[in-house]
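S.K.: Sharing a structure here in structure tokens format.
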Amino acid sequence: MQYNFDQLVDRLPFHSSKWNMNTRPYQPGDLIPLWVADSDLTSPEAVKNAIKAYAEHGFFGYTTNPTNLTSAVKGWLHRMHKWDIEESWLSFPGGVVASLYAAVRAYTNPGDGVIINDPVYPPFAAAVRSQGRELIWNPLAFDGTRYVLDFDQLRSLFNVPNKPKLMIFCSPHNAAGRVWTWEELTTLKEIMLEHGCILLSDEIHFDLVWDNHEHITAGRLGKDMENQMLMVTAASKTFNVAGLHASYAVVPNEELRKKFTAQFMGGTQASYVGKIALEACYLHSDDYLVQLKAYITKNIDFLMEAFNTRLLPLKALRPEGTYLVWVDCRALNMDQKALMTWFMEDVKLRLNDGTTFGPAGQGFVRFNMATPLSLISEAVDRLEVALAPYK
């Protein structure tokens, strides 16, 4: 079917975090929410139909997995990401963030070091700090236009008696938008193997890559790496089903898998509604993904053109993956609190504060492009007016 992604639907009646949790309740002409990595583009028709059928059935008791769930995930990883897995490697936590916390508990002890990049998705740091582990930053190198991994600094982090036990890695990267190359991932693999460090690869944005970039899942890096890693992901970013609480983890190594799944005994698992949605996404929604990627590409093209012409002196990094755009605002010479107040009160845009992604996020904000183009256009118009005094 043909999807109308231009239609802006009122999400307030169903308590959207993105729209209802603004600093003040949303009103037309006031704050435009371009913050939470949550899509305003309708979900696939197959997902709606699967949920309707379940609701009409009228029984909501205890469940097992849907019949085709594991084969659907296996097929998706084969077709879309060239990774052949065993269905026994799969588990279905309630969310990727829950998996981050579980992995920290499973593979480290209090006081152990866990490596994350800087900047990166805020729950990475929270999962480490809140559980009494030592957070070890591996800052990305930034030349003003692109971020790359700093392998020399990463290697130096292992020159201590109590070497880090785990690295949590974002691929594609949120918020810098990088899609890591074979060369980068191969070097990362070599470092992980040399020091016996487990790699947790968060690949929740892995279906959304642009401009002929190729996402390479950590599972494709060879059997040796496959034996020392886990990949966690979900259909939530691709198909706009985050609120249904279903993700999955792929853990090829049996010992690592047992330690990981033990963390969910009596805890949060994916909901049945989330599982039937995931199955519908992977079995019946390829056409949706084609249309979605074309639409978000158009949004990114529009925003990048605006930053390159109308929104100077701000600088936006064109994302290689994700529907998120990382914007360098340092030319405005504002401290971060003043910058966020300016966006909120003067421009009336709700964006993500770069400092929540780590120390390197000072002077940056994050824009969300998974929304109708009309809303992005309105945001650009507002920002152009507000920037006039800075040109």
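Chain labels follow the order of the structure tokens: the first chain is A, the next B, and so on; residue numbering restarts at 1 in every chain, and ligands are counted from 1 in their shown order.
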Which residues are near Ala127 in chain A? Cut-off 12 Å, only C-alpha atoms, ignore same chain within fewer than 2 positions. Put them as a short mmCIF file (atom, residue, chain, number, x, y, z; two decimals) with C-alpha atoms, in the first residue's frame.
M.R.:
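The file below, selection32.cif, is the result:
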data_model
loop_
_atom_site.label_atom_id
_atom_site.label_comp_id
_atom_site.auth_asym_id
_atom_site.auth_seq_id
_atom_site.Cartn_x
_atom_site.Cartn_y
_atom_site.Cartn_z
CA VAL A 96 17.25 -2.53 24.20
CA VAL A 97 17.92 -0.34 27.25
CA ALA A 98 16.92 -3.26 29.50
CA SER A 99 19.49 -5.34 27.61
CA LEU A 100 22.22 -2.77 28.30
CA TYR A 101 21.58 -2.98 32.03
CA ALA A 102 21.37 -6.77 31.91
CA ALA A 103 24.67 -7.11 30.05
CA VAL A 104 26.48 -4.87 32.53
CA ARG A 105 25.24 -7.10 35.38
CA THR A 108 30.99 -7.30 34.98
CA VAL A 114 32.97 -0.53 31.00
CA ILE A 115 33.98 1.43 27.89
CA ILE A 116 31.64 3.69 25.94
CA TYR A 121 23.22 7.59 23.55
CA PRO A 122 22.71 8.63 27.23
CA PRO A 123 21.46 5.28 28.67
CA PHE A 124 24.88 3.75 27.95
CA ALA A 125 26.44 5.83 30.71
CA ARG A 129 27.13 4.30 36.59
CA SER A 130 23.85 3.27 38.19
CA GLN A 131 25.11 -0.28 38.76
CA GLY A 132 28.38 0.62 40.45
CA ARG A 133 30.71 0.00 37.52
CA GLU A 134 33.46 2.37 36.39
CA LEU A 135 32.54 4.38 33.33
CA MET A 167 32.50 -2.25 25.70
CA ILE A 168 29.04 -0.94 24.79
#
S.K.: Report as a PyMOL selection string all protein, DNA and RNA residues lying within 12 Å of Pro319 in chain A, evaluated on only C-alpha atoms, omitting residues in the same chain fewer than 4 positions from it.
M.R.: chain A and resi 145-147+172-180+205+208-213+296-297+299-301+303-304+323-327+366-369
S.K.: Keeping only N, CA and C atoms, write the selected residues to a file as a short mmCIF file (atom, residue, chain, number, x, y, z; two decimals), in the first residue's frame.
M.R.:
data_model
loop_
_atom_site.label_atom_id
_atom_site.label_comp_id
_atom_site.auth_asym_id
_atom_site.auth_seq_id
_atom_site.Cartn_x
_atom_site.Cartn_y
_atom_site.Cartn_z
N THR A 145 33.72 17.90 10.85
CA THR A 145 32.74 17.43 9.86
C THR A 145 32.35 15.97 10.07
N ARG A 146 33.20 15.19 10.73
CA ARG A 146 32.94 13.76 10.84
C ARG A 146 33.63 13.19 12.08
N TYR A 147 32.97 12.24 12.72
CA TYR A 147 33.54 11.54 13.87
C TYR A 147 34.16 10.22 13.42
N PRO A 172 24.46 1.68 13.88
CA PRO A 172 24.99 3.01 13.59
C PRO A 172 24.98 3.90 14.84
N HIS A 173 25.79 4.94 14.77
CA HIS A 173 26.02 5.74 15.97
C HIS A 173 24.96 6.79 16.19
N ASN A 174 24.43 6.81 17.40
CA ASN A 174 23.51 7.82 17.89
C ASN A 174 24.29 8.65 18.92
N ALA A 175 24.68 9.91 18.60
CA ALA A 175 23.96 10.81 17.75
C ALA A 175 24.79 11.30 16.55
N ALA A 176 26.01 10.83 16.38
CA ALA A 176 26.86 11.37 15.33
C ALA A 176 26.47 10.89 13.94
N GLY A 177 25.64 9.85 13.87
CA GLY A 177 25.15 9.40 12.57
C GLY A 177 26.14 8.58 11.77
N ARG A 178 27.23 8.13 12.39
CA ARG A 178 28.20 7.34 11.65
C ARG A 178 27.70 5.92 11.39
N VAL A 179 28.03 5.41 10.20
CA VAL A 179 27.90 4.00 9.87
C VAL A 179 29.33 3.50 9.73
N TRP A 180 29.73 2.63 10.63
CA TRP A 180 31.14 2.24 10.73
C TRP A 180 31.54 1.35 9.55
N HIS A 205 19.33 1.09 15.16
CA HIS A 205 19.07 1.89 13.95
C HIS A 205 19.58 1.20 12.69
N LEU A 208 18.33 1.70 8.99
CA LEU A 208 18.18 3.08 8.49
C LEU A 208 19.56 3.67 8.18
N VAL A 209 20.04 3.39 6.98
CA VAL A 209 21.32 3.93 6.52
C VAL A 209 21.09 4.60 5.17
N TRP A 210 21.95 5.57 4.84
CA TRP A 210 21.71 6.47 3.72
C TRP A 210 22.92 6.55 2.80
N ASP A 211 22.68 7.10 1.61
CA ASP A 211 23.75 7.50 0.69
C ASP A 211 24.70 6.36 0.37
N ASN A 212 24.17 5.17 0.17
CA ASN A 212 24.96 4.00 -0.24
C ASN A 212 25.91 3.48 0.84
N HIS A 213 25.73 3.93 2.08
CA HIS A 213 26.49 3.33 3.17
C HIS A 213 25.90 1.95 3.47
N ILE A 296 12.39 9.75 4.59
CA ILE A 296 13.36 10.33 5.52
C ILE A 296 14.56 10.89 4.77
N THR A 297 14.96 10.27 3.69
CA THR A 297 16.03 10.82 2.86
C THR A 297 15.66 12.21 2.37
N ASN A 299 13.63 14.30 3.82
CA ASN A 299 13.70 15.20 4.99
C ASN A 299 15.13 15.61 5.30
N ILE A 300 16.03 14.63 5.26
CA ILE A 300 17.44 14.93 5.54
C ILE A 300 18.01 15.87 4.48
N ASP A 301 17.69 15.59 3.21
CA ASP A 301 18.16 16.47 2.13
C ASP A 301 17.69 17.91 2.36
N LEU A 303 16.77 19.37 5.21
CA LEU A 303 17.40 20.00 6.37
C LEU A 303 18.86 20.35 6.10
N MET A 304 19.58 19.47 5.44
CA MET A 304 20.99 19.74 5.17
C MET A 304 21.14 20.95 4.24
N TYR A 323 17.85 8.38 11.84
CA TYR A 323 17.08 9.55 11.38
C TYR A 323 17.35 10.75 12.28
N LEU A 324 18.54 10.81 12.85
CA LEU A 324 18.93 11.85 13.79
C LEU A 324 20.05 12.70 13.20
N VAL A 325 19.98 14.01 13.41
CA VAL A 325 20.97 14.93 12.87
C VAL A 325 21.63 15.67 14.03
N TRP A 326 22.94 15.58 14.09
CA TRP A 326 23.77 16.18 15.14
C TRP A 326 24.23 17.55 14.64
N VAL A 327 23.94 18.58 15.42
CA VAL A 327 24.16 19.95 14.97
C VAL A 327 25.13 20.67 15.89
N ARG A 366 20.59 17.72 19.08
CA ARG A 366 20.21 16.66 18.16
C ARG A 366 18.79 16.88 17.65
N PHE A 367 18.64 16.82 16.32
CA PHE A 367 17.36 16.96 15.64
C PHE A 367 16.84 15.57 15.22
N ASN A 368 15.52 15.37 15.25
CA ASN A 368 14.88 14.13 14.81
C ASN A 368 14.17 14.38 13.48
N MET A 369 14.52 13.60 12.46
CA MET A 369 13.97 13.78 11.13
C MET A 369 12.80 12.86 10.80
#
S.K.: As an NGL selection string, please: all residues of range 74-271 of chain A that backbone DSSP puts in alpha helix (DSSP H).
M.R.: :A and (74-81 or 96-107 or 123-129 or 151-156 or 182-195 or 223-226 or 236-239 or 254-262)
S.K.: So that I can check the surroundings of range 353-361 of chain A, please list as a VMD selection string every protein, DNA and RNA residue that reaches within 6 Å of it, counting only C-alpha atoms and ignoring chain neighbours fewer than 3 positions away.
M.R.: chain A and resid 118 to 122 364 to 365
S.K.: Generate a file of the selected residues that holds C-alpha atoms, formatted as a compact mmCIF listing (two decimals), in the first residue's frame.
M.R.:
# COMPACT_ATOMS: atom_id res chain seq x y z
CA ASP A 118 31.78 10.04 23.76
CA PRO A 119 29.34 11.35 22.61
CA VAL A 120 26.81 8.50 22.65
CA TYR A 121 23.22 7.59 23.55
CA PRO A 122 22.71 8.63 27.23
CA PHE A 364 25.66 20.48 20.22
CA VAL A 365 21.98 19.55 19.86
S.K.: Which residues come within 9 Å of Leu185 in chain A, counting only C-alpha atoms, excluding same-chain residues fewer than 3 positions away, as a PyMOL selection string?
M.R.: chain A and resi 180-182+188-190+216+218+221
S.K.: Going by DSSP on the backbone, which bits of range 92-240 of chain A are strand (DSSP E or B)? Write them as JSON, numbers by chain, please.
M.R.: {"A": [93, 113, 114, 115, 116, 117, 118, 134, 135, 136, 137, 138, 139, 141, 142, 147, 148, 166, 167, 168, 169, 170, 198, 199, 200, 201, 202, 209, 229, 230, 231, 232, 233]}
S.K.: Just C-alpha atoms for this one: save the residues we selected as a short mmCIF file (atom, residue, chain, number, x, y, z; two decimals), in the first residue's frame.
M.R.:
data_model
loop_
_atom_site.label_atom_id
_atom_site.label_comp_id
_atom_site.auth_asym_id
_atom_site.auth_seq_id
_atom_site.Cartn_x
_atom_site.Cartn_y
_atom_site.Cartn_z
CA PRO A 93 13.83 -8.64 26.31
CA GLY A 113 35.41 -0.84 33.90
CA VAL A 114 32.97 -0.53 31.00
CA ILE A 115 33.98 1.43 27.89
CA ILE A 116 31.64 3.69 25.94
CA ASN A 117 32.31 6.31 23.29
CA ASP A 118 31.78 10.04 23.76
CA GLU A 134 33.46 2.37 36.39
CA LEU A 135 32.54 4.38 33.33
CA ILE A 136 35.49 4.65 30.95
CA TRP A 137 35.17 7.15 28.09
CA ASN A 138 36.65 6.50 24.67
CA PRO A 139 36.02 9.90 22.99
CA ALA A 141 37.82 12.00 17.24
CA PHE A 142 36.08 14.92 15.50
CA TYR A 147 33.54 11.54 13.87
CA VAL A 148 35.91 8.56 13.81
CA LEU A 166 32.90 -4.83 28.43
CA MET A 167 32.50 -2.25 25.70
CA ILE A 168 29.04 -0.94 24.79
CA PHE A 169 29.12 0.15 21.17
CA CYS A 170 26.53 2.06 19.12
CA ILE A 198 33.16 -8.48 25.41
CA LEU A 199 31.52 -6.28 22.79
CA LEU A 200 27.87 -5.33 23.17
CA SER A 201 26.75 -3.92 19.83
CA ASP A 202 23.57 -1.82 20.02
CA VAL A 209 21.32 3.93 6.52
CA MET A 229 29.91 -10.43 21.46
CA LEU A 230 26.19 -9.91 21.64
CA MET A 231 24.01 -7.82 19.37
CA VAL A 232 20.89 -6.11 20.67
CA THR A 233 18.31 -4.42 18.49
#
S.K.: What lies within 8 Å of range 36-44 of chain A using only C-alpha atoms, ignoring chain neighbours under 5 positions off, as a short mmCIF file (atom, residue, chain, number, x, y, z; two decimals) with C-alpha atoms, in the first residue's frame?
M.R.:
data_model
loop_
_atom_site.label_atom_id
_atom_site.label_comp_id
_atom_site.auth_asym_id
_atom_site.auth_seq_id
_atom_site.Cartn_x
_atom_site.Cartn_y
_atom_site.Cartn_z
CA TYR A 3 1.74 5.43 2.95
CA PHE A 5 3.91 10.20 5.69
CA LEU A 8 0.65 14.89 10.88
CA VAL A 9 -1.53 12.97 13.33
CA SER A 17 6.31 10.95 25.38
CA LYS A 18 7.60 13.05 22.51
CA LYS A 237 13.14 2.72 15.16
CA PHE A 239 8.80 0.58 12.07
CA ASN A 240 7.75 2.99 14.85
CA VAL A 241 6.72 0.34 17.41
CA ALA A 242 8.80 1.38 20.44
CA CYS A 281 7.27 -5.99 10.61
CA SER A 285 6.46 -4.74 5.83
CA TYR A 288 6.87 0.14 4.18
CA LEU A 324 18.93 11.85 13.79
CA LEU A 351 15.66 19.35 20.84
CA ASN A 352 17.98 16.96 22.64
CA ASN A 368 14.88 14.13 14.81
CA ALA A 370 11.27 11.10 11.47
CA THR A 371 8.40 13.55 11.22
CA PRO A 372 6.36 15.13 8.40
#
S.K.: Which of these residues is nearest to Leu244 in chain A, using only C-alpha atoms: A:Val47, A:Ala53, A:Ala72, A:Leu317?
M.R.: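 Closest to Leu244 in chain A of all the choices is A:Val47.
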S.K.: Using only C-alpha atoms, which protein or nucleic acid residues come within 9 Å of range 311-314 of chain A? Drop anything in the same chain fewer than 6 positions from it, and give the result as a PDB file with N, CA and C atoms, in the first residue's frame.
M.R.:
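Listing of around-v4.pdb after writing:
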ATOM      1  N   VAL A 327      23.940  18.580  15.424  1.00  0.00           N
ATOM      2  CA  VAL A 327      24.161  19.950  14.967  1.00  0.00           C
ATOM      3  C   VAL A 327      25.128  20.671  15.890  1.00  0.00           C
ATOM      4  N   ASP A 328      26.163  21.254  15.290  1.00  0.00           N
ATOM      5  CA  ASP A 328      27.198  22.007  15.990  1.00  0.00           C
ATOM      6  C   ASP A 328      26.771  23.465  16.097  1.00  0.00           C
ATOM      7  N   CYS A 329      26.511  23.906  17.329  1.00  0.00           N
ATOM      8  CA  CYS A 329      26.039  25.274  17.587  1.00  0.00           C
ATOM      9  C   CYS A 329      27.100  26.135  18.250  1.00  0.00           C
ATOM     10  N   ARG A 330      28.345  25.695  18.262  1.00  0.00           N
ATOM     11  CA  ARG A 330      29.381  26.385  19.035  1.00  0.00           C
ATOM     12  C   ARG A 330      29.667  27.786  18.519  1.00  0.00           C
ATOM     13  N   ALA A 331      29.366  28.032  17.244  1.00  0.00           N
ATOM     14  CA  ALA A 331      29.619  29.362  16.688  1.00  0.00           C
ATOM     15  C   ALA A 331      28.741  30.443  17.331  1.00  0.00           C
ATOM     16  N   LEU A 332      27.684  30.033  18.024  1.00  0.00           N
ATOM     17  CA  LEU A 332      26.827  31.013  18.700  1.00  0.00           C
ATOM     18  C   LEU A 332      27.437  31.517  20.003  1.00  0.00           C
ATOM     19  N   VAL A 380      12.640  25.026  10.406  1.00  0.00           N
ATOM     20  CA  VAL A 380      13.698  25.753   9.696  1.00  0.00           C
ATOM     21  C   VAL A 380      13.341  27.235   9.586  1.00  0.00           C
ATOM     22  N   LEU A 383      13.907  28.881  12.898  1.00  0.00           N
ATOM     23  CA  LEU A 383      15.319  28.973  13.235  1.00  0.00           C
ATOM     24  C   LEU A 383      16.020  30.037  12.392  1.00  0.00           C
ATOM     25  N   GLU A 384      15.646  30.168  11.130  1.00  0.00           N
ATOM     26  CA  GLU A 384      16.241  31.190  10.269  1.00  0.00           C
ATOM     27  C   GLU A 384      15.985  32.585  10.830  1.00  0.00           C
ATOM     28  N   LEU A 387      18.092  33.206  13.945  1.00  0.00           N
ATOM     29  CA  LEU A 387      19.544  33.303  13.699  1.00  0.00           C
ATOM     30  C   LEU A 387      19.952  34.619  13.052  1.00  0.00           C
ATOM     31  N   ALA A 388      19.005  35.412  12.614  1.00  0.00           N
ATOM     32  CA  ALA A 388      19.328  36.658  11.899  1.00  0.00           C
ATOM     33  C   ALA A 388      20.342  37.526  12.645  1.00  0.00           C
ATOM     34  N   TYR A 390      22.764  36.687  14.405  1.00  0.00           N
ATOM     35  CA  TYR A 390      24.070  36.019  14.534  1.00  0.00           C
ATOM     36  C   TYR A 390      24.819  35.946  13.203  1.00  0.00           C
ATOM     37  N   LYS A 391      24.239  36.479  12.141  1.00  0.00           N
ATOM     38  CA  LYS A 391      24.878  36.365  10.826  1.00  0.00           C
ATOM     39  C   LYS A 391      25.687  37.623  10.497  1.00  0.00           C
TER      40      LYS A 391
END
S.K.: With only C-alpha atoms as the counted atoms, please give the residues lying no more than 10 Å from Ser88 in chain A, apart from itself and same-chain residues fewer than 2 positions off, as a PDB file with N, CA and C atoms, in the first residue's frame.
M.R.:
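Final file, selection-v9.pdb:
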ATOM      1  N   THR A  70      10.730 -16.349  15.703  1.00  0.00           N
ATOM      2  CA  THR A  70      12.180 -16.561  15.602  1.00  0.00           C
ATOM      3  C   THR A  70      12.618 -16.743  14.158  1.00  0.00           C
ATOM      4  N   ILE A  85      22.121 -16.679  11.563  1.00  0.00           N
ATOM      5  CA  ILE A  85      22.147 -17.021  12.980  1.00  0.00           C
ATOM      6  C   ILE A  85      21.375 -18.303  13.227  1.00  0.00           C
ATOM      7  N   GLU A  86      21.552 -18.856  14.418  1.00  0.00           N
ATOM      8  CA  GLU A  86      20.725 -19.955  14.888  1.00  0.00           C
ATOM      9  C   GLU A  86      19.580 -19.369  15.724  1.00  0.00           C
ATOM     10  N   LEU A  90      18.597 -16.481  20.075  1.00  0.00           N
ATOM     11  CA  LEU A  90      17.714 -15.339  20.281  1.00  0.00           C
ATOM     12  C   LEU A  90      17.062 -15.342  21.655  1.00  0.00           C
ATOM     13  N   SER A  91      16.900 -14.152  22.207  1.00  0.00           N
ATOM     14  CA  SER A  91      16.017 -13.927  23.353  1.00  0.00           C
ATOM     15  C   SER A  91      15.301 -12.608  23.110  1.00  0.00           C
ATOM     16  N   VAL A 250      20.871 -11.195  20.218  1.00  0.00           N
ATOM     17  CA  VAL A 250      21.486 -12.343  19.558  1.00  0.00           C
ATOM     18  C   VAL A 250      22.821 -12.595  20.261  1.00  0.00           C
ATOM     19  N   VAL A 251      22.915 -13.750  20.925  1.00  0.00           N
ATOM     20  CA  VAL A 251      24.121 -14.081  21.687  1.00  0.00           C
ATOM     21  C   VAL A 251      24.583 -15.462  21.247  1.00  0.00           C
ATOM     22  N   PRO A 252      25.531 -15.542  20.313  1.00  0.00           N
ATOM     23  CA  PRO A 252      25.939 -16.845  19.782  1.00  0.00           C
ATOM     24  C   PRO A 252      26.632 -17.757  20.797  1.00  0.00           C
ATOM     25  N   GLU A 254      27.234 -19.792  23.961  1.00  0.00           N
ATOM     26  CA  GLU A 254      26.271 -20.366  24.906  1.00  0.00           C
ATOM     27  C   GLU A 254      26.496 -19.873  26.335  1.00  0.00           C
ATOM     28  N   ARG A 257      25.358 -16.373  26.590  1.00  0.00           N
ATOM     29  CA  ARG A 257      23.899 -16.329  26.464  1.00  0.00           C
ATOM     30  C   ARG A 257      23.217 -16.708  27.781  1.00  0.00           C
TER      31      ARG A 257
END
S.K.: What does the distance from CA of Phe158 in chain A to CA of Ser171 in chain A come to in Å, to one decimal?
M.R.: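 Here the two named atoms are 22.0 Å from each other.
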S.K.: Could you check the closest approach to Thr217 in chain A for each of A:Lys163, A:Arg382, A:His78, A:Lys48 and tell me which residue wins, using only C-alpha atoms?
M.R.: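 For Thr217 in chain A, the nearest of the given residues is A:His78.
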S.K.: Between CA of Gln263 in chain A and CA of Cys197 in chain A, what distance in Å does the model show, to one decimal?
M.R.: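 So the answer is 19.6 Å.
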S.K.: Mind pulling up the distance from CA of Asn227 in chain A to CA of Phe151 in chain A?
M.R.: 21.7 Å
S.K.: Could you check the closest approach to Asn49 in chain A for each of A:Ser16, A:His284, A:Leu292, A:Gly61 and tell me which residue wins, using only C-alpha atoms?
M.R.: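 Nearest candidate to Asn49 in chain A out of A:Ser16, A:His284, A:Leu292, A:Gly61: A:His284.
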